[in-house]
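Peer 1: The following file, model-v1.csv, comprises CSV, C-alpha atoms:
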chain,number,residue,atom,x,y,z
A,16,LEU,CA,17.8,12.9,-14.7
A,17,ASP,CA,21.0,13.5,-12.7
A,18,ALA,CA,24.7,13.9,-13.1
A,19,ARG,CA,25.7,10.3,-12.3
A,20,SER,CA,28.3,9.0,-14.7
A,21,SER,CA,28.1,5.9,-16.8
A,22,PRO,CA,29.9,2.7,-16.0
A,23,THR,CA,33.5,2.3,-17.2
A,24,HIS,CA,34.4,-0.1,-19.9
A,25,PRO,CA,36.1,-3.1,-18.3
A,26,ARG,CA,39.2,-4.4,-20.0
A,27,THR,CA,39.4,-7.9,-21.3
A,28,HIS,CA,40.7,-9.5,-18.1
A,29,PRO,CA,38.4,-12.3,-17.0
A,30,ARG,CA,37.5,-10.5,-13.8
A,31,MET,CA,36.7,-7.4,-15.8
A,32,SER,CA,34.5,-9.4,-18.1
A,33,LEU,CA,32.5,-10.5,-15.1
A,34,VAL,CA,32.1,-6.9,-14.0
A,35,LYS,CA,30.9,-5.9,-17.5
A,36,THR,CA,28.4,-8.8,-17.5
A,37,TYR,CA,27.1,-7.7,-14.1
A,38,LEU,CA,26.8,-4.1,-15.2
A,39,VAL,CA,25.0,-5.0,-18.4
A,40,ALA,CA,22.5,-7.2,-16.4
A,41,TYR,CA,22.1,-4.5,-13.8
A,42,ASN,CA,21.2,-1.7,-16.3
A,43,ALA,CA,18.9,-4.0,-18.3
A,44,ALA,CA,17.1,-4.9,-15.1
A,45,LEU,CA,16.6,-1.3,-14.2
A,46,VAL,CA,15.3,-0.5,-17.7
A,47,VAL,CA,12.6,-3.2,-17.2
A,48,ALA,CA,11.8,-2.1,-13.6
A,49,TRP,CA,11.3,1.6,-14.5
A,50,ALA,CA,9.4,0.7,-17.7
A,51,CYS,CA,7.1,-1.3,-15.4
A,52,VAL,CA,6.6,1.8,-13.2
A,53,LEU,CA,5.8,3.9,-16.2
A,54,THR,CA,3.4,1.3,-17.7
A,55,ARG,CA,1.5,0.9,-14.4
A,56,THR,CA,1.3,4.7,-14.0
A,57,ALA,CA,-0.3,5.2,-17.4
A,58,GLN,CA,-2.7,2.2,-17.0
A,59,THR,CA,-3.8,3.3,-13.6
A,60,ILE,CA,-4.4,6.9,-14.6
A,61,SER,CA,-6.6,5.7,-17.5
A,62,THR,CA,-8.6,3.1,-15.4
A,63,SER,CA,-8.7,4.3,-11.8
A,64,GLY,CA,-7.4,7.9,-11.8
A,65,PRO,CA,-4.3,9.7,-10.5
A,66,ALA,CA,-5.1,9.1,-6.8
A,67,ALA,CA,-4.6,5.3,-7.3
A,68,VAL,CA,-1.2,5.5,-8.9
A,69,TYR,CA,0.9,5.1,-5.8
A,70,ALA,CA,-0.8,1.9,-4.8
A,71,ALA,CA,-0.3,0.5,-8.3
A,72,VAL,CA,3.5,1.3,-8.5
A,73,GLU,CA,4.5,1.0,-4.8
A,74,ARG,CA,6.3,-2.3,-5.1
A,75,PRO,CA,8.2,-1.8,-8.4
A,76,LEU,CA,9.0,1.7,-7.4
A,77,ALA,CA,10.5,0.6,-4.1
A,78,TYR,CA,12.6,-2.1,-5.9
A,79,ALA,CA,13.7,0.1,-8.7
A,80,GLN,CA,14.7,3.1,-6.6
A,81,THR,CA,16.3,1.2,-3.8
A,82,ALA,CA,18.4,-0.8,-6.3
A,83,ALA,CA,20.1,2.5,-7.1
A,84,LEU,CA,22.1,2.1,-3.8
A,85,ALA,CA,24.3,-0.3,-5.9
A,86,GLU,CA,25.4,2.8,-7.8
A,87,VAL,CA,27.1,4.2,-4.7
A,88,ALA,CA,29.0,0.9,-4.4
A,89,HIS,CA,29.9,1.1,-8.1
A,90,ALA,CA,31.4,4.5,-7.6
A,91,ALA,CA,33.2,3.5,-4.4
A,92,LEU,CA,34.7,0.4,-6.1
A,93,GLY,CA,35.7,2.3,-9.2
A,94,ILE,CA,33.6,0.5,-11.7
A,95,ALA,CA,31.7,3.7,-12.5
A,96,ARG,CA,33.2,7.1,-13.3
A,97,SER,CA,31.2,8.9,-10.6
A,98,PRO,CA,32.2,10.8,-7.5
A,99,VAL,CA,31.1,8.7,-4.5
A,100,LEU,CA,29.7,11.7,-2.6
A,101,VAL,CA,27.7,13.2,-5.5
A,102,THR,CA,26.3,9.7,-6.3
A,103,ALA,CA,25.4,9.1,-2.6
A,104,MET,CA,23.7,12.5,-2.4
A,105,GLN,CA,21.6,12.0,-5.6
A,106,VAL,CA,20.6,8.5,-4.6
A,107,SER,CA,19.7,9.5,-1.0
A,108,SER,CA,17.5,12.3,-2.3
A,109,ARG,CA,15.4,9.8,-4.2
A,110,LEU,CA,15.3,7.4,-1.3
A,111,MET,CA,14.2,10.2,1.0
A,112,VAL,CA,11.1,10.8,-1.2
A,113,VAL,CA,10.3,7.1,-1.6
A,114,TRP,CA,10.9,5.9,2.0
A,115,GLY,CA,10.9,9.2,4.0
A,116,VAL,CA,7.8,10.8,2.4
A,117,LEU,CA,5.6,8.4,0.4
A,118,ALA,CA,6.1,5.3,2.6
A,119,LEU,CA,5.7,7.2,5.9
A,120,ALA,CA,3.2,10.0,5.1
A,121,PRO,CA,0.0,8.6,3.3
A,122,PRO,CA,-1.4,12.0,2.6
A,123,SER,CA,1.4,12.6,0.1
A,124,ARG,CA,0.4,9.7,-2.0
A,125,THR,CA,-2.8,11.3,-3.2
A,126,ALA,CA,-1.9,15.0,-3.0
A,127,SER,CA,-2.3,17.0,-6.1
A,128,LEU,CA,-1.5,20.5,-7.1
A,129,ASP,CA,-3.2,21.8,-10.2
A,130,VAL,CA,-0.9,23.7,-12.5
A,131,PHE,CA,-2.9,24.5,-15.6
A,132,GLY,CA,-5.6,22.6,-17.5
A,133,PRO,CA,-5.3,18.9,-16.9
A,134,ILE,CA,-1.7,19.2,-15.8
A,135,SER,CA,-1.0,18.7,-12.0
A,136,ILE,CA,1.9,18.0,-9.7
A,137,GLY,CA,1.8,14.8,-7.6
A,138,VAL,CA,2.8,11.2,-7.6
A,139,PRO,CA,1.8,10.7,-11.3
A,140,SER,CA,4.0,13.6,-12.4
A,141,LEU,CA,6.9,12.2,-10.3
A,142,MET,CA,6.5,8.7,-11.7
A,143,PHE,CA,6.5,10.2,-15.3
A,144,ALA,CA,9.6,12.3,-14.6
A,145,TRP,CA,11.5,9.6,-12.8
A,146,GLY,CA,10.3,6.8,-15.1
A,147,VAL,CA,11.2,8.4,-18.4
A,148,THR,CA,14.5,9.7,-17.1
A,149,GLU,CA,15.6,6.3,-15.7
A,150,VAL,CA,14.5,4.2,-18.7
A,151,VAL,CA,16.5,6.5,-21.0
A,152,ARG,CA,19.5,6.7,-18.6
A,153,TYR,CA,19.8,3.0,-18.0
A,154,SER,CA,19.3,2.3,-21.7
A,155,PHE,CA,22.1,4.7,-22.4
A,156,TYR,CA,24.4,2.9,-20.0
A,157,PHE,CA,23.3,-0.5,-21.3
A,158,PHE,CA,24.2,0.4,-24.9
A,159,LYS,CA,27.4,2.1,-23.9
A,160,LEU,CA,28.6,-1.1,-22.2
A,161,LEU,CA,27.9,-3.0,-25.4
A,162,GLY,CA,29.9,-0.4,-27.3
A,163,ASP,CA,27.4,1.5,-29.4
A,164,VAL,CA,24.8,4.0,-28.1
A,165,PRO,CA,22.0,4.7,-30.7
A,166,ARG,CA,22.0,8.5,-31.6
A,167,ALA,CA,18.3,8.7,-30.5
A,168,VAL,CA,19.1,7.4,-27.1
A,169,THR,CA,22.0,9.8,-26.7
A,170,TRP,CA,19.8,12.7,-27.8
A,171,CYS,CA,17.0,11.7,-25.3
A,172,ARG,CA,19.6,11.3,-22.5
A,173,TYR,CA,20.9,14.8,-23.0
A,174,THR,CA,17.6,16.6,-23.9
A,175,PHE,CA,14.7,15.2,-21.9
A,176,PHE,CA,16.2,16.5,-18.7
A,177,ILE,CA,15.4,20.1,-19.7
A,178,ALA,CA,11.8,19.4,-19.0
A,179,LEU,CA,11.9,16.4,-16.7
A,180,TYR,CA,14.4,17.7,-14.2
A,181,PRO,CA,12.3,20.7,-13.1
A,182,LEU,CA,9.1,18.5,-13.2
A,183,GLY,CA,10.8,15.9,-11.0
A,184,VAL,CA,12.2,18.4,-8.5
A,185,SER,CA,8.9,20.3,-8.2
A,186,SER,CA,7.0,17.0,-7.7
A,187,GLU,CA,9.5,15.9,-5.0
A,188,LEU,CA,9.2,19.1,-3.1
A,189,PHE,CA,5.4,19.3,-3.3
A,190,LEU,CA,5.0,15.7,-2.1
A,191,ALA,CA,7.4,16.4,0.8
A,192,TYR,CA,5.4,19.5,1.7
A,193,SER,CA,2.1,17.5,1.4
A,194,GLY,CA,3.4,14.9,3.8
A,195,PHE,CA,5.1,17.2,6.3
A,196,ALA,CA,2.1,17.8,8.6
A,197,HIS,CA,1.6,14.0,9.0
A,198,LEU,CA,5.3,13.5,9.8
A,199,MET,CA,5.2,16.2,12.4
A,200,LYS,CA,2.2,14.5,14.0
A,201,THR,CA,3.5,11.0,13.9
A,202,ASN,CA,7.2,11.8,14.3
A,203,PRO,CA,8.4,8.4,13.1
A,204,PHE,CA,11.7,7.0,14.3
A,205,ALA,CA,11.9,9.7,17.0
A,206,TYR,CA,14.8,9.4,19.4
A,207,GLU,CA,14.8,12.0,22.1
A,208,MET,CA,17.2,13.3,24.7
A,209,PRO,CA,18.2,12.7,27.4
A,210,ASN,CA,19.7,9.3,26.5
A,211,ALA,CA,22.9,7.4,27.0
A,212,ILE,CA,24.6,8.6,23.7
A,213,ASN,CA,23.4,12.2,24.0
A,214,PHE,CA,21.8,12.1,20.6
A,215,SER,CA,18.4,13.0,19.2
A,216,PHE,CA,16.6,12.3,15.9
A,217,HIS,CA,13.6,14.2,14.5
A,218,LEU,CA,12.7,13.2,11.0
A,219,PRO,CA,10.8,16.3,10.0
A,220,SER,CA,13.8,18.5,10.9
A,221,VAL,CA,16.1,16.2,9.0
A,222,MET,CA,13.7,16.5,6.0
A,223,ILE,CA,13.7,20.3,6.1
A,224,MET,CA,17.5,20.4,6.0
A,225,PHE,CA,17.6,17.7,3.4
A,226,PHE,CA,15.3,19.4,0.9
A,227,LEU,CA,16.9,22.8,1.6
A,228,GLY,CA,19.9,21.3,-0.2
A,229,TYR,CA,17.9,21.5,-3.4
A,230,VAL,CA,18.3,25.3,-3.4
A,231,PRO,CA,22.0,25.2,-4.3
A,232,GLY,CA,21.9,21.7,-5.7
A,233,PHE,CA,19.3,22.1,-8.5
A,234,PRO,CA,20.9,25.0,-10.4
A,235,MET,CA,24.3,23.4,-10.0
A,236,LEU,CA,23.3,20.0,-11.5
A,237,PHE,CA,21.0,21.6,-14.1
A,238,SER,CA,23.9,23.8,-15.3
A,239,TYR,CA,26.2,20.7,-15.3
A,240,MET,CA,23.8,18.8,-17.5
A,241,LEU,CA,23.3,21.7,-19.9
A,242,ALA,CA,27.1,21.9,-20.3
A,243,ALA,CA,27.3,18.1,-20.8
A,244,ARG,CA,24.5,18.3,-23.4
A,245,LYS,CA,26.3,21.0,-25.4
A,246,LYS,CA,29.6,19.0,-25.3
A,247,VAL,CA,28.1,15.5,-26.1
A,248,LEU,CA,25.7,16.6,-28.9
A,249,LYS,CA,28.3,18.8,-30.5
A,250,ALA,CA,30.7,15.9,-30.6
A,251,LYS,CA,28.0,13.7,-32.1
A,252,SER,CA,27.3,16.2,-34.8
A,253,ASP,CA,31.0,16.6,-35.8
Could you take the file, read its structure, and then write that structure out as structure tokens?
Peer 2:
Amino acid sequence: LDARSSPTHPRTHPRMSLVKTYLVAYNAALVVAWACVLTRTAQTISTSGPAAVYAAVERPLAYAQTAALAEVAHAALGIARSPVLVTAMQVSSRLMVVWGVLALAPPSRTASLDVFGPISIGVPSLMFAWGVTEVVRYSFYFFKLLGDVPRAVTWCRYTFFIALYPLGVSSELFLAYSGFAHLMKTNPFAYEMPNAINFSFHLPSVMIMFFLGYVPGFPMLFSYMLAARKKVLKAKSD
């Protein structure tokens, strides 16, 4: 669920073949990792309830999401057709939620906002939005590297985001809001002035500025994906 581009197709040069092998393995591993997050989320909801989801997915979630840092390197090295800055911003937003909110603010892990009926916003909704998105996205990249993406995977890649993108963003923002009071109280990683380098760090303030970026960022990326959907699916139907 983002605008990150797919890997390039390396030429037949031996070094490029190694790059392609690495990218195939990387995307396959991420499909498995996110499938694990999805499976544990579903199992935990049915056996222990939504409040227990974070504890069940904490480790695979940390591995899967932190591994996305490699995509910034892929863009920087030119083995993926992605702008480095855009990729870094999208990866950092996810990492802020995982490490800056969920890991540091325990109240966010069990917070829940009822929407209607049995539907609520919280960690389970975030895991569903992220998990489905990433399983589809990395599957798309995996098949593209092999040379032939199944039509169903392409359709899912360029259709599911219509519902999952708003669900994921609303879940991220709600969890950040739920953990904010705790972060204000504990003020982790605080670095206050005066000091030798004349610099201060206040994580809650950084978080506010970070998530304010969603205001222009969400409509821009959503519009980009809608345009990409129209272009790709039209090409597939021709």
Peer 1: Between A:Asp129, A:Leu76, A:Leu248, A:Thr81, single out the one closest to Thr54 of chain A, counting all atoms listed in the file.
Peer 2: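 Using all atoms listed in the file, Thr54 of chain A sits closest to A:Leu76.
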Peer 1: Could you state the separation of atom CA of Ala44 of chain A and atom CA of Ala167 of chain A in Å, given to one decimal place?
Peer 2: 20.6 Å
Peer 1: Would you pick out the contacts of segment 217-232 of chain A at 12 Å or less, using only C-alpha atoms, so that residues sharing its chain but fewer than 5 positions from it are not included, and give the list as a VMD selection string?
Peer 2: chain A and resid 17 to 18 101 104 to 105 107 to 112 114 to 116 119 to 120 180 to 181 183 to 185 187 to 192 194 to 208 237 to 239
Peer 1: When distances are computed from all atoms listed in the file, which of A:Ser186, A:Thr102, A:Asn210, A:Ser63 shows the smallest separation from Ser123 of chain A?
Peer 2: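 Nearest candidate to Ser123 of chain A out of A:Ser186, A:Thr102, A:Asn210, A:Ser63: A:Ser186.
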Peer 1: Mind listing whatever residues come within 12 Å of the point (12.7, -4.2, -13.6)? Use all atoms listed in the file, file coordinates, and give them as a VMD selection string.
Peer 2: chain A and resid 40 to 54 72 74 to 83 146 149 to 150 153
Peer 1: Just the number, please: distance in Å from atom CA of Gly64 of chain A to atom CA of Pro139 of chain A, one decimal.
Peer 2: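 These atoms are spaced 9.6 Å apart.
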Peer 1: Have a look at A:Thr148, A:Thr174, A:Thr125, A:Ser61 and name the one nearest to Arg244 of chain A; count only C-alpha atoms.
Peer 2: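 Nearest to Arg244 of chain A: A:Thr174.
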Peer 1: What does the distance between atom CA of Val68 of chain A and atom CA of Leu179 of chain A come to in Å, to one decimal place?
Peer 2: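 Between atom CA of Val68 of chain A and atom CA of Leu179 of chain A the gap works out to 18.7 Å.
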Peer 1: As number ranges by chain, please: the residues near His89 of chain A (cut-off 9 Å, all atoms listed in the file, same-chain neighbours under 6 positions excluded).
Peer 2: A: 22, 95-97, 99
Peer 1: Let me have the centre and edge lengths in Å, one decimal, of the box along x, y and z around every listed atom of segment 173-176 of chain A with 5 Å of margin on each side, as JSON.
Peer 2:
{"center_x": 17.8, "center_y": 15.7, "center_z": -21.3, "size_x": 16.2, "size_y": 11.8, "size_z": 15.2}
Peer 1: Using only C-alpha atoms for the distances, tell me which of A:Ala70, A:Val138, A:Met240, A:Ala103 is nearest to Ala90 of chain A.
Peer 2: A:Ala103
Peer 1: Counting all atoms listed in the file, figure out which residue out of A:Pro133, A:Ala71, A:Gly162, A:Trp170 gets nearest to Thr59 of chain A.
Peer 2: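 Under the stated criterion, the closest residue is A:Ala71.
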